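What follows is the content of protein.cif (mmCIF, C-alpha atoms and all ligand atoms).
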data_work
loop_
_atom_site.label_atom_id
_atom_site.label_comp_id
_atom_site.auth_asym_id
_atom_site.auth_seq_id
_atom_site.Cartn_x
_atom_site.Cartn_y
_atom_site.Cartn_z
CA MET O 117 -5.09 -36.15 10.46
CA PRO O 118 -2.51 -34.01 8.68
CA ILE O 119 -5.06 -31.39 7.64
CA ARG O 120 -6.97 -29.01 9.87
CA ILE O 121 -9.69 -26.63 8.74
CA ALA O 122 -10.29 -23.45 10.72
CA ASN O 123 -12.98 -20.81 10.48
CA PHE O 124 -12.66 -18.22 13.24
CA MET O 125 -15.88 -18.38 15.32
CA GLY O 126 -17.72 -20.05 12.42
CA LYS O 127 -20.75 -18.53 10.73
CA PHE O 128 -21.33 -16.15 13.63
CA GLY O 129 -17.78 -14.75 13.45
CA TRP O 130 -18.07 -14.42 9.68
CA GLU O 131 -21.30 -12.44 9.91
CA MET O 132 -19.80 -10.21 12.61
CA GLN O 133 -16.80 -9.44 10.38
CA LYS O 134 -19.15 -8.61 7.51
CA LYS O 135 -21.77 -6.58 9.36
CA PHE O 136 -19.67 -4.92 12.07
CA PRO O 137 -16.15 -5.00 10.66
CA LYS O 138 -14.70 -2.26 12.85
CA LEU O 139 -16.41 -3.36 16.03
CA SER O 140 -15.21 -6.93 15.80
CA SER O 141 -11.63 -5.93 14.99
CA GLN O 142 -11.45 -3.17 17.62
CA SER O 143 -12.82 -5.34 20.40
CA TYR O 144 -10.49 -8.18 19.44
CA LEU O 145 -7.45 -5.90 19.49
CA LYS O 146 -8.42 -4.30 22.80
CA ALA O 147 -8.91 -7.68 24.44
CA MET O 148 -5.59 -8.96 23.10
CA PHE O 149 -3.61 -5.96 24.34
CA LEU O 150 -5.18 -6.34 27.75
CA LEU O 151 -4.64 -10.08 28.02
CA ARG O 152 -1.09 -10.02 26.75
CA ARG O 153 0.27 -6.85 28.34
CA LYS O 154 2.02 -8.54 31.25
CA SER O 155 3.64 -11.37 29.29
CA GLN O 156 4.80 -8.93 26.61
CA LYS O 157 6.50 -6.76 29.20
CA ASP O 158 8.00 -9.76 31.00
CA TYR O 159 9.48 -11.07 27.76
CA ILE O 160 10.95 -7.71 26.84
CA GLU O 161 12.60 -7.46 30.24
CA TYR O 162 13.89 -11.01 29.87
CA PHE O 163 15.27 -10.16 26.44
CA MET O 164 16.92 -6.92 27.51
CA ARG O 165 18.35 -8.30 30.76
CA ASP O 166 21.83 -8.29 29.27
CA PRO O 167 21.74 -5.96 26.23
CA GLU O 168 25.24 -7.08 25.17
CA HIS O 169 24.04 -10.67 24.74
CA VAL O 170 20.52 -10.80 23.38
CA PRO O 171 18.66 -14.08 22.74
CA TYR O 172 18.08 -15.41 19.25
CA PRO O 173 15.02 -14.27 17.31
CA ASN O 174 12.08 -16.66 17.49
CA VAL O 175 10.95 -16.16 13.91
CA VAL O 176 13.15 -15.29 10.94
CA ASN O 177 11.07 -13.92 8.05
CA LEU O 178 12.67 -13.89 4.61
CA GLU O 179 10.74 -12.07 1.93
CA THR O 180 12.18 -13.34 -1.35
CA ILE O 181 9.90 -11.35 -3.66
CA ASN O 182 7.79 -8.31 -2.79
CA ARG O 183 4.67 -8.99 -4.82
CA CYS O 184 1.29 -10.64 -4.39
CA ASN O 185 -1.45 -11.81 -6.75
CA SER O 186 -4.48 -11.26 -4.53
CA ASN O 187 -6.78 -8.47 -3.46
CA CYS O 188 -7.28 -8.62 0.32
CA ALA O 189 -8.78 -5.32 1.41
CA PHE O 190 -6.67 -5.15 4.59
CA CYS O 191 -3.25 -5.72 3.02
CA THR O 192 -0.87 -3.25 1.39
CA ALA O 193 0.56 -5.98 -0.79
CA ASN O 194 -2.74 -6.39 -2.59
CA ILE O 195 -2.53 -5.82 -6.34
CA TYR O 196 -4.41 -2.50 -6.17
CA ALA O 197 -2.51 -0.99 -3.22
CA GLU O 198 1.02 -2.09 -4.12
CA LYS O 199 3.51 0.80 -4.14
CA ARG O 200 6.87 -0.85 -3.55
CA PRO O 201 9.56 -0.87 -6.22
CA TYR O 202 9.79 -4.48 -7.39
CA MET O 203 12.47 -6.52 -5.61
CA TYR O 204 13.54 -10.14 -5.86
CA MET O 205 16.13 -11.74 -3.59
CA THR O 206 19.20 -12.96 -5.47
CA ASP O 207 20.43 -16.51 -4.91
CA GLU O 208 23.64 -15.04 -3.56
CA MET O 209 21.80 -13.12 -0.83
CA PHE O 210 19.50 -16.05 -0.10
CA HIS O 211 22.38 -18.51 0.36
CA LYS O 212 24.35 -16.02 2.46
CA ILE O 213 21.41 -15.65 4.87
CA ILE O 214 20.71 -19.37 5.18
CA ASP O 215 24.40 -20.23 5.58
CA GLU O 216 24.85 -17.56 8.24
CA LEU O 217 21.77 -18.73 10.14
CA ALA O 218 23.26 -22.23 10.12
CA ASP O 219 26.67 -20.96 11.35
CA TRP O 220 24.90 -18.97 14.06
CA GLY O 221 23.17 -22.13 15.33
CA TYR O 222 19.70 -20.79 14.67
CA LYS O 223 16.99 -23.36 15.44
CA GLY O 224 13.81 -21.30 15.67
CA HIS O 225 11.00 -20.68 13.22
CA LEU O 226 11.81 -19.76 9.63
CA THR O 227 9.50 -18.49 6.90
CA MET O 228 10.27 -17.62 3.31
CA TYR O 229 7.34 -15.27 2.93
CA GLY O 230 6.74 -11.69 3.99
CA ASN O 231 4.23 -9.20 2.70
CA ASN O 232 3.86 -11.20 -0.47
CA GLU O 233 2.63 -14.40 -2.01
CA PRO O 234 5.56 -16.83 -1.64
CA LEU O 235 4.47 -19.12 -4.48
CA LEU O 236 5.13 -16.26 -6.91
CA ASP O 237 8.85 -16.90 -6.37
CA LYS O 238 9.74 -19.38 -9.13
CA ASN O 239 12.59 -20.76 -7.02
CA ILE O 240 10.56 -21.19 -3.85
CA VAL O 241 10.71 -25.00 -3.81
CA GLU O 242 14.48 -25.08 -4.35
CA ARG O 243 14.90 -22.40 -1.70
CA HIS O 244 12.95 -24.48 0.79
CA ARG O 245 15.03 -27.53 -0.11
CA TYR O 246 18.25 -25.59 0.53
CA ALA O 247 16.99 -24.16 3.83
CA ARG O 248 15.82 -27.60 5.01
CA GLU O 249 19.21 -29.11 4.25
CA LYS O 250 21.21 -26.39 6.01
CA LEU O 251 18.80 -25.84 8.92
CA PRO O 252 17.44 -29.31 9.76
CA ASP O 253 16.29 -28.23 13.25
CA CYS O 254 14.38 -25.13 12.20
CA PHE O 255 10.60 -25.11 12.09
CA ILE O 256 9.96 -24.05 8.48
CA PHE O 257 6.47 -22.79 7.75
CA MET O 258 4.66 -21.03 4.93
CA SER O 259 1.49 -19.00 4.68
CA THR O 260 -0.04 -18.83 1.21
CA ASN O 261 -3.26 -17.56 -0.32
CA GLY O 262 -3.36 -20.86 -2.23
CA LEU O 263 -4.08 -19.25 -5.61
CA LEU O 264 -1.07 -20.95 -7.20
CA LEU O 265 -1.26 -24.07 -5.10
CA ASN O 266 -2.24 -27.42 -6.52
CA VAL O 267 -1.59 -31.02 -5.56
CA GLU O 268 1.57 -31.20 -7.66
CA LYS O 269 3.08 -28.08 -6.04
CA LEU O 270 2.12 -29.37 -2.59
CA LYS O 271 3.91 -32.67 -3.24
CA GLU O 272 7.02 -30.82 -4.42
CA ILE O 273 7.35 -28.56 -1.42
CA ALA O 274 5.95 -30.73 1.39
CA PRO O 275 9.22 -32.58 2.20
CA TYR O 276 10.97 -29.32 3.08
CA MET O 277 8.55 -27.73 5.52
CA ASN O 278 6.91 -28.40 8.87
CA GLN O 279 3.75 -26.39 8.47
CA LEU O 280 1.71 -25.02 5.59
CA ILE O 281 -1.02 -22.46 6.24
CA ILE O 282 -3.46 -22.01 3.36
CA ASN O 283 -5.55 -18.87 3.65
CA ASN O 284 -8.71 -19.19 1.57
CA TYR O 285 -9.63 -15.50 1.23
CA CYS O 286 -13.20 -15.13 -0.03
CA GLU O 287 -16.52 -13.37 0.50
CA ASP O 288 -18.80 -16.36 0.58
CA MET O 289 -17.26 -18.93 2.97
CA VAL O 290 -16.62 -21.36 0.13
CA PHE O 291 -13.28 -23.02 -0.65
CA ARG O 292 -11.88 -22.15 -4.04
CA PRO O 293 -11.72 -25.18 -6.37
CA GLY O 294 -7.89 -25.47 -6.11
CA VAL O 295 -7.96 -25.37 -2.32
CA GLN O 296 -10.81 -27.89 -2.23
CA GLN O 297 -8.78 -30.23 -4.47
CA VAL O 298 -5.83 -30.02 -2.09
CA ILE O 299 -8.08 -30.72 0.91
CA ASP O 300 -9.64 -33.74 -0.81
CA TYR O 301 -6.29 -35.12 -1.91
CA VAL O 302 -4.69 -34.80 1.52
CA LYS O 303 -7.71 -36.36 3.21
CA ALA O 304 -7.53 -39.27 0.80
CA ASN O 305 -3.76 -39.69 1.20
CA PRO O 306 -2.93 -38.81 4.82
CA GLU O 307 0.19 -41.03 4.96
CA GLU O 308 1.82 -38.99 2.21
CA PHE O 309 1.72 -35.83 4.34
CA LYS O 310 2.10 -37.30 7.79
CA ASP O 311 5.10 -35.08 8.59
CA LEU O 312 3.44 -31.85 7.51
CA ASP O 313 0.94 -29.85 9.52
CA ILE O 314 -1.53 -28.37 7.01
CA LEU O 315 -3.91 -25.72 8.25
CA VAL O 316 -6.58 -24.34 5.92
CA GLN O 317 -8.19 -21.13 7.15
CA MET O 318 -11.42 -19.67 5.84
CA ARG O 319 -10.72 -15.91 5.74
CA TYR O 320 -12.94 -12.98 4.86
CA VAL O 321 -11.23 -11.03 2.07
CA LYS O 322 -12.73 -7.71 3.18
CA ALA O 323 -12.02 -8.10 6.89
CA VAL O 324 -10.83 -5.13 8.91
CA LEU O 325 -7.66 -6.17 10.73
CA THR O 326 -4.82 -4.19 12.28
CA ASN O 327 -3.72 -0.86 10.78
CA ARG O 328 -0.15 -2.15 10.30
CA ALA O 329 1.55 1.09 11.25
CA GLY O 330 -0.97 3.10 9.26
CA SER O 331 -0.50 1.19 6.01
CA ALA O 332 -3.59 -1.08 5.86
CA PRO O 333 -5.63 0.09 2.83
CA ASN O 334 -8.99 -0.24 4.59
CA ARG O 335 -7.92 1.64 7.71
CA GLN O 336 -6.90 4.86 5.93
CA ASN O 337 -9.73 7.14 6.98
CA GLU O 338 -9.28 6.87 10.70
CA LYS O 339 -8.04 9.45 13.12
CA GLU O 340 -4.59 8.31 14.15
CA LYS O 341 -4.44 7.33 17.79
CA VAL O 342 -1.15 7.17 19.66
CA ILE O 343 -0.69 3.64 21.02
CA LYS O 344 1.20 3.46 24.27
CA GLU O 345 1.59 -0.31 24.48
CA THR O 346 4.90 -2.06 23.96
CA CYS O 347 5.29 -4.58 21.12
CA LEU O 348 6.92 -8.01 20.93
CA MET O 349 8.08 -7.86 17.33
CA PRO O 350 11.50 -6.16 17.86
CA TYR O 351 12.42 -8.99 20.25
CA THR O 352 10.91 -11.98 18.49
CA ASP O 353 11.18 -11.36 14.75
CA MET O 354 13.94 -10.80 12.27
CA TRP O 355 12.43 -9.29 9.14
CA ILE O 356 14.52 -9.47 5.95
CA THR O 357 13.56 -7.64 2.74
CA PRO O 358 14.51 -9.04 -0.71
CA ASP O 359 17.51 -6.70 -0.96
CA GLY O 360 18.88 -7.95 2.37
CA ARG O 361 17.89 -5.21 4.80
CA LEU O 362 16.71 -5.93 8.33
CA GLY O 363 13.54 -3.86 8.65
CA TYR O 364 11.38 -3.33 11.73
CA CYS O 365 8.78 -6.03 11.08
CA CYS O 366 5.89 -7.05 8.81
CA CYS O 367 4.23 -3.69 9.42
CA ASP O 368 6.89 -1.78 7.53
CA ASN O 369 4.86 -2.50 4.44
CA PHE O 370 6.62 0.05 2.29
CA GLU O 371 10.04 -1.31 3.25
CA VAL O 372 11.54 1.95 4.39
CA THR O 373 13.17 1.02 7.70
CA GLU O 374 16.71 -0.30 7.93
CA LEU O 375 18.22 -1.58 11.17
CA ALA O 376 21.09 -3.30 9.38
CA ASN O 377 22.08 -4.24 5.86
CA LEU O 378 23.19 -7.79 5.18
CA LYS O 379 25.35 -6.56 2.34
CA ASP O 380 27.64 -5.22 5.06
CA CYS O 381 27.21 -7.61 7.98
CA THR O 382 26.12 -11.09 9.03
CA VAL O 383 22.62 -11.91 10.32
CA ALA O 384 24.03 -12.25 13.87
CA GLU O 385 25.78 -8.88 13.66
CA GLY O 386 22.62 -7.28 12.28
CA TRP O 387 20.45 -8.71 15.07
CA ASN O 388 22.95 -7.49 17.68
CA SER O 389 23.59 -4.11 16.05
CA LYS O 390 23.50 -0.84 17.96
CA LYS O 391 20.72 0.50 15.76
CA TYR O 392 18.57 -2.57 16.49
CA GLN O 393 19.20 -2.19 20.22
CA GLN O 394 18.29 1.49 20.13
CA PHE O 395 15.04 0.59 18.38
CA ARG O 396 14.33 -2.04 21.05
CA GLU O 397 15.02 0.50 23.79
CA ARG O 398 12.45 2.87 22.28
CA VAL O 399 9.71 0.25 21.92
CA ARG O 400 10.49 -1.15 25.39
CA ARG O 401 9.23 2.15 26.82
CA GLY O 402 6.21 2.28 24.48
CA ARG O 403 5.27 2.56 20.80
CA GLN O 404 4.85 6.33 21.19
CA TYR O 405 8.65 6.76 21.22
CA ASP O 406 9.12 5.53 17.67
CA PRO O 407 7.77 7.46 14.66
CA LEU O 408 6.63 4.36 12.73
CA CYS O 409 5.33 2.44 15.74
CA LYS O 410 3.42 5.18 17.49
CA HIS O 411 0.15 4.70 15.58
CA CYS O 412 0.56 1.00 14.94
CA ASP O 413 -2.03 -1.27 16.57
CA PHE O 414 -0.63 -4.54 15.25
CA ILE O 415 -0.61 -7.52 17.57
CA ASP O 416 0.39 -10.95 16.38
CA ALA O 417 -2.22 -13.65 15.89
CA GLY O 418 -0.87 -15.75 18.76
CA LEU O 419 2.22 -17.68 17.61
CA ARG O 420 4.70 -15.31 19.25
CA MET O 421 2.74 -15.07 22.48
CA HIS O 422 2.74 -18.84 22.74
CA MET O 423 6.51 -18.96 22.18
CA VAL O 424 7.40 -16.26 24.66
CA ASN O 425 5.19 -17.78 27.35
CA GLU O 426 7.04 -21.09 26.94
CA ILE O 427 10.39 -19.32 27.13
CA LEU O 428 9.38 -17.37 30.24
CA LYS O 429 8.19 -20.57 31.92
CA GLU O 430 11.55 -22.22 31.27
CA ASP O 431 13.42 -19.13 32.37
CA ARG O 432 11.61 -19.08 35.69
CA LYS O 433 12.33 -22.77 36.19
CA SER O 434 16.03 -22.26 35.54
CA GLY O 435 16.23 -19.25 37.85
CA GLY O 436 17.16 -17.00 34.93
CA LYS O 437 20.25 -18.99 33.91
CA SER O 438 21.62 -19.78 30.42
CA ARG O 439 19.27 -17.27 28.86
CA GLU O 440 21.07 -17.04 25.55
CA ASP O 441 20.80 -20.73 24.86
CA LEU O 442 17.23 -20.78 26.13
CA GLY O 443 15.76 -18.84 23.20
CA SER O 444 16.87 -21.33 20.61
CA ARG O 445 16.23 -24.35 22.83
CA ILE O 446 12.65 -23.33 23.50
CA ALA O 447 11.94 -22.47 19.89
CA ASP O 448 13.17 -25.96 19.05
CA THR O 449 10.97 -27.63 21.68
CA PHE O 450 8.01 -25.66 20.38
CA ALA O 451 8.75 -26.80 16.83
CA GLN O 452 8.78 -30.44 17.91
CA LYS O 453 5.48 -30.01 19.74
CA THR O 454 3.62 -28.54 16.82
CA LYS O 455 4.89 -31.10 14.30
C1 LIG O 501 0.92 -10.68 4.32
S1 LIG O 501 0.36 -12.32 4.29
C2 LIG O 501 1.59 -13.15 3.31
C3 LIG O 501 1.33 -14.60 3.04
C4 LIG O 501 0.18 -14.95 2.12
N1 LIG O 501 0.05 -14.06 1.05
C5 LIG O 501 -1.09 -15.06 2.92
O1 LIG O 501 -1.92 -14.18 2.83
O2 LIG O 501 -1.24 -16.05 3.63
C6 LIG O 501 0.75 -12.91 5.91
C7 LIG O 501 -0.34 -12.68 6.93
O3 LIG O 501 -0.48 -11.29 7.14
C8 LIG O 501 -1.85 -11.04 7.37
N2 LIG O 501 -2.18 -9.62 7.20
C9 LIG O 501 -2.19 -8.88 6.08
N3 LIG O 501 -2.60 -7.61 6.34
C10 LIG O 501 -2.85 -7.55 7.67
C11 LIG O 501 -3.31 -6.54 8.55
N4 LIG O 501 -3.63 -5.33 8.11
N5 LIG O 501 -3.40 -6.83 9.87
C12 LIG O 501 -3.11 -8.08 10.33
N6 LIG O 501 -2.69 -9.08 9.55
C13 LIG O 501 -2.57 -8.84 8.23
C14 LIG O 501 -2.50 -11.95 6.35
O4 LIG O 501 -3.86 -12.14 6.59
C15 LIG O 501 -1.71 -13.22 6.54
O5 LIG O 501 -2.25 -14.01 7.58
S1 LIG O 502 -2.81 -11.02 2.81
FE1 LIG O 502 -1.50 -12.30 1.57
S2 LIG O 502 -2.80 -12.85 -0.17
FE2 LIG O 502 -3.77 -11.12 0.76
S3 LIG O 502 -2.99 -9.37 -0.41
FE3 LIG O 502 -1.69 -9.64 1.43
S4 LIG O 502 0.00 -10.85 0.77
FE4 LIG O 502 -1.61 -11.05 -0.76
S1 LIG O 503 4.61 -1.37 16.85
FE1 LIG O 503 4.04 -2.07 14.79
S2 LIG O 503 5.64 -1.23 13.47
FE2 LIG O 503 6.41 -1.13 15.56
S3 LIG O 503 7.57 -3.03 15.86
FE3 LIG O 503 5.50 -3.38 16.59
S4 LIG O 503 4.39 -4.27 14.90
FE4 LIG O 503 6.24 -3.32 14.08
#
Take the structure I supplied and represent it as structure tokens, if you would.
Amino acid sequence: MPIRIANFMGKFGWEMQKKFPKLSSQSYLKAMFLLRRKSQKDYIEYFMRDPEHVPYPNVVNLETINRCNSNCAFCTANIYAEKRPYMYMTDEMFHKIIDELADWGYKGHLTMYGNNEPLLDKNIVERHRYAREKLPDCFIFMSTNGLLLNVEKLKEIAPYMNQLIINNYCEDMVFRPGVQQVIDYVKANPEEFKDLDILVQMRYVKAVLTNRAGSAPNRQNEKEKVIKETCLMPYTDMWITPDGRLGYCCCDNFEVTELANLKDCTVAEGWNSKKYQQFRERVRRGRQYDPLCKHCDFIDAGLRMHMVNEILKEDRKSGGKSREDLGSRIADTFAQKTK
């Protein structure tokens, strides 16, 4: 079945998010930090074993436009909270990035969304086509709120991606008509989408999630706690803004950090830059050593943890050899598995 429907903990989870929004998010985050602490540290040590030769990223995130059309209470990109100067990635910058990823031999995960709604980019289908052609081994995925999605758009973009996540943000646990149409069509025509993993998630639009380095609109009135955990994002994710800067991660919602600028260097040079390594050194010791990270309680939903656990398993098996190649090889294996 090429379509999966998910609703985190069903009706019970939904009611918990509605009635005890802070409690359910705080207990989830606490549990995740506890459960993942050791693997996070192990991966960071693995990554930093030879700082001159760091592994590939596991996820490259390209934000091609910095706007959204929705109103999720937890997200800075929502139409009421948006503060960023408008930016749109030029074709020149887009092609440079994709071509350089191909030259670099990148085979991990690739997304063409960031803190935005990717279907607002009028060239998004063509951009996926180009990326698919140049990076045939990458696992290309998209997360969308589905507001601009319909069967026609799905058919256009499906050949160029491996996974499509449709987040149905709502208050009432009901699929919007457009999303329901897509579900019905895919169920009726499974052969047509047999190579695409489609995941539809029922999401509460007023959920309380992570504070995203203090930027989440519905976490503004809290006393800022200093978080002394490490974080995987500097070692797993390359985050590219529409004007071609490598920022910290998805939690730099206002797009103010700059670890490298692709106007002046290649993606490989940016990823290996001194500034990036200094940032990684700070976070390796704990979030408290970085001014943006120190109050950030973000932890990824699970994709990165899964990847790094697979990489660590392989690393142990190989006795710590060929580490550089391992990152891309494992990301590739993971992509095949989730197809
Ligand atoms: C920023 S959205 C961009 C893609 C698309 N607009 C969507 O919502 O699927 C990507 C992911 O970030 C999540 N997100 C947004 N704000 C968040 C927060 N404060 N904490 C954790 N995740 C958040 C969204 O729920 C979504 O799963
Ligand atoms: S989570 Fe996605 S859909 Fe919701 S406001 Fe943010 S970018 Fe838009
Ligand atoms: S602590 Fe937050 S801001 Fe810092 S790298 Fe991690 S997710 Fe990004």
Determine, counting all atoms listed in the file, which protein, DNA and RNA residues have an atom within 12 Å of an atom of Met148 in chain O; residues of the same chain fewer than 5 positions away are not included. Present the result as a CSV table (one decimal) with C-alpha atoms, in the coordinates of the input.
chain,number,residue,atom,x,y,z
O,141,SER,CA,-11.6,-5.9,15.0
O,142,GLN,CA,-11.4,-3.2,17.6
O,143,SER,CA,-12.8,-5.3,20.4
O,153,ARG,CA,0.3,-6.8,28.3
O,154,LYS,CA,2.0,-8.5,31.2
O,155,SER,CA,3.6,-11.4,29.3
O,156,GLN,CA,4.8,-8.9,26.6
O,326,THR,CA,-4.8,-4.2,12.3
O,345,GLU,CA,1.6,-0.3,24.5
O,347,CYS,CA,5.3,-4.6,21.1
O,413,ASP,CA,-2.0,-1.3,16.6
O,414,PHE,CA,-0.6,-4.5,15.2
O,415,ILE,CA,-0.6,-7.5,17.6
O,416,ASP,CA,0.4,-11.0,16.4
O,417,ALA,CA,-2.2,-13.6,15.9
O,418,GLY,CA,-0.9,-15.8,18.8
O,421,MET,CA,2.7,-15.1,22.5
Enclose all atoms of ligand LIG 503 (chain O) listed in the file in an axis-aligned box, grow every side by 6 Å, and hand back centre and edge lengths in Å to one decimal, as AutoDock Vina command-line options.
--center_x 5.8 --center_y -2.7 --center_z 15.2 --size_x 15.5 --size_y 15.1 --size_z 15.4
Nearby residues (all atoms listed in the file) at most 12 Å from Thr357 in chain O, same-chain spacing under 6 positions excluded, as a ChimeraX atom specification: /O:176-183,200-206,209-210,213,228-232,363-366,368-379
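With only C-alpha atoms as the atoms that count, the minimum distance from Lys134 in chain O to the choices O:Tyr320, O:Tyr351, O:Tyr392, O:Phe149 is reached by O:Tyr320.
Nearest residue to ligand LIG 502 (chain O), choosing from O:Leu270, O:Cys286, O:Leu280, O:Ile299 and counting only C-alpha atoms and all ligand atoms: O:Cys286.
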Rounded to one decimal in Å, what is the spacing between atom O3 of ligand LIG 501 (chain O) and CA of Val321 in chain O?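 Computing it gives 11.9 Å between the two atoms.
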Near-ligand residues for ligand LIG 501 (chain O), threshold 9 Å, all atoms listed in the file, as a PDB file with C-alpha atoms, in the frame of the given file:
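Dumped everything to result-v4.pdb:
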ATOM      1  CA  CYS O 184       1.290 -10.640  -4.390  1.00  0.00           C
ATOM      2  CA  ASN O 185      -1.450 -11.810  -6.750  1.00  0.00           C
ATOM      3  CA  SER O 186      -4.480 -11.260  -4.530  1.00  0.00           C
ATOM      4  CA  CYS O 188      -7.280  -8.620   0.320  1.00  0.00           C
ATOM      5  CA  ALA O 189      -8.780  -5.320   1.410  1.00  0.00           C
ATOM      6  CA  PHE O 190      -6.670  -5.150   4.590  1.00  0.00           C
ATOM      7  CA  CYS O 191      -3.250  -5.720   3.020  1.00  0.00           C
ATOM      8  CA  THR O 192      -0.870  -3.250   1.390  1.00  0.00           C
ATOM      9  CA  ALA O 193       0.560  -5.980  -0.790  1.00  0.00           C
ATOM     10  CA  ASN O 194      -2.740  -6.390  -2.590  1.00  0.00           C
ATOM     11  CA  TYR O 229       7.340 -15.270   2.930  1.00  0.00           C
ATOM     12  CA  GLY O 230       6.740 -11.690   3.990  1.00  0.00           C
ATOM     13  CA  ASN O 231       4.230  -9.200   2.700  1.00  0.00           C
ATOM     14  CA  ASN O 232       3.860 -11.200  -0.470  1.00  0.00           C
ATOM     15  CA  GLU O 233       2.630 -14.400  -2.010  1.00  0.00           C
ATOM     16  CA  PRO O 234       5.560 -16.830  -1.640  1.00  0.00           C
ATOM     17  CA  LEU O 235       4.470 -19.120  -4.480  1.00  0.00           C
ATOM     18  CA  MET O 258       4.660 -21.030   4.930  1.00  0.00           C
ATOM     19  CA  SER O 259       1.490 -19.000   4.680  1.00  0.00           C
ATOM     20  CA  THR O 260      -0.040 -18.830   1.210  1.00  0.00           C
ATOM     21  CA  ASN O 261      -3.260 -17.560  -0.320  1.00  0.00           C
ATOM     22  CA  GLY O 262      -3.360 -20.860  -2.230  1.00  0.00           C
ATOM     23  CA  ILE O 281      -1.020 -22.460   6.240  1.00  0.00           C
ATOM     24  CA  ILE O 282      -3.460 -22.010   3.360  1.00  0.00           C
ATOM     25  CA  ASN O 283      -5.550 -18.870   3.650  1.00  0.00           C
ATOM     26  CA  ASN O 284      -8.710 -19.190   1.570  1.00  0.00           C
ATOM     27  CA  TYR O 285      -9.630 -15.500   1.230  1.00  0.00           C
ATOM     28  CA  ARG O 319     -10.720 -15.910   5.740  1.00  0.00           C
ATOM     29  CA  VAL O 321     -11.230 -11.030   2.070  1.00  0.00           C
ATOM     30  CA  ALA O 323     -12.020  -8.100   6.890  1.00  0.00           C
ATOM     31  CA  VAL O 324     -10.830  -5.130   8.910  1.00  0.00           C
ATOM     32  CA  LEU O 325      -7.660  -6.170  10.730  1.00  0.00           C
ATOM     33  CA  THR O 326      -4.820  -4.190  12.280  1.00  0.00           C
ATOM     34  CA  ASN O 327      -3.720  -0.860  10.780  1.00  0.00           C
ATOM     35  CA  ARG O 328      -0.150  -2.150  10.300  1.00  0.00           C
ATOM     36  CA  ALA O 329       1.550   1.090  11.250  1.00  0.00           C
ATOM     37  CA  GLY O 330      -0.970   3.100   9.260  1.00  0.00           C
ATOM     38  CA  SER O 331      -0.500   1.190   6.010  1.00  0.00           C
ATOM     39  CA  ALA O 332      -3.590  -1.080   5.860  1.00  0.00           C
ATOM     40  CA  PRO O 333      -5.630   0.090   2.830  1.00  0.00           C
ATOM     41  CA  ASN O 334      -8.990  -0.240   4.590  1.00  0.00           C
ATOM     42  CA  ARG O 335      -7.920   1.640   7.710  1.00  0.00           C
ATOM     43  CA  CYS O 366       5.890  -7.050   8.810  1.00  0.00           C
ATOM     44  CA  CYS O 367       4.230  -3.690   9.420  1.00  0.00           C
ATOM     45  CA  ASP O 413      -2.030  -1.270  16.570  1.00  0.00           C
ATOM     46  CA  PHE O 414      -0.630  -4.540  15.250  1.00  0.00           C
ATOM     47  CA  ILE O 415      -0.610  -7.520  17.570  1.00  0.00           C
ATOM     48  CA  ASP O 416       0.390 -10.950  16.380  1.00  0.00           C
ATOM     49  CA  ALA O 417      -2.220 -13.650  15.890  1.00  0.00           C
TER      50      ALA O 417
END
Restricting the calculation to all atoms listed in the file, which member of O:Val302, O:Val342, O:Leu348, O:Leu362 is positioned closest to Ile119 in chain O? O:Val302
Please determine, counting only C-alpha atoms and all ligand atoms, which residue among O:Glu426, O:Asp406, O:Asp359, O:Asp166 has the shortest atom-to-atom distance to ligand LIG 503 (chain O). O:Asp406
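Considering the residues O:His244, O:Arg401, O:Arg165, O:Lys138 and counting all atoms listed in the file, Lys322 in chain O has its shortest atom-to-atom contact with O:Lys138.
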My list of candidates is O:Tyr172, O:Phe255, O:Tyr162, O:Tyr276. Which is closest to Tyr222 in chain O when distances are computed with only C-alpha atoms?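 Smallest distance to Tyr222 in chain O is found for O:Tyr172.
Between CA of Met349 in chain O and CA of Arg420 in chain O the interatomic distance comes to 8.4 Å.
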Can you tell me, as a list in words, which residues sit within 12 Å of (26.9, -19.9, 9.5) in the file's frame, using only C-alpha atoms?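 Within the cut-off we find His211, Lys212, Ile213, Ile214, Asp215, Glu216, Leu217, Ala218, Asp219, Trp220, Gly221, Tyr222, Lys250, Leu251, Thr382, Val383, Ala384 and Glu385 of chain O.
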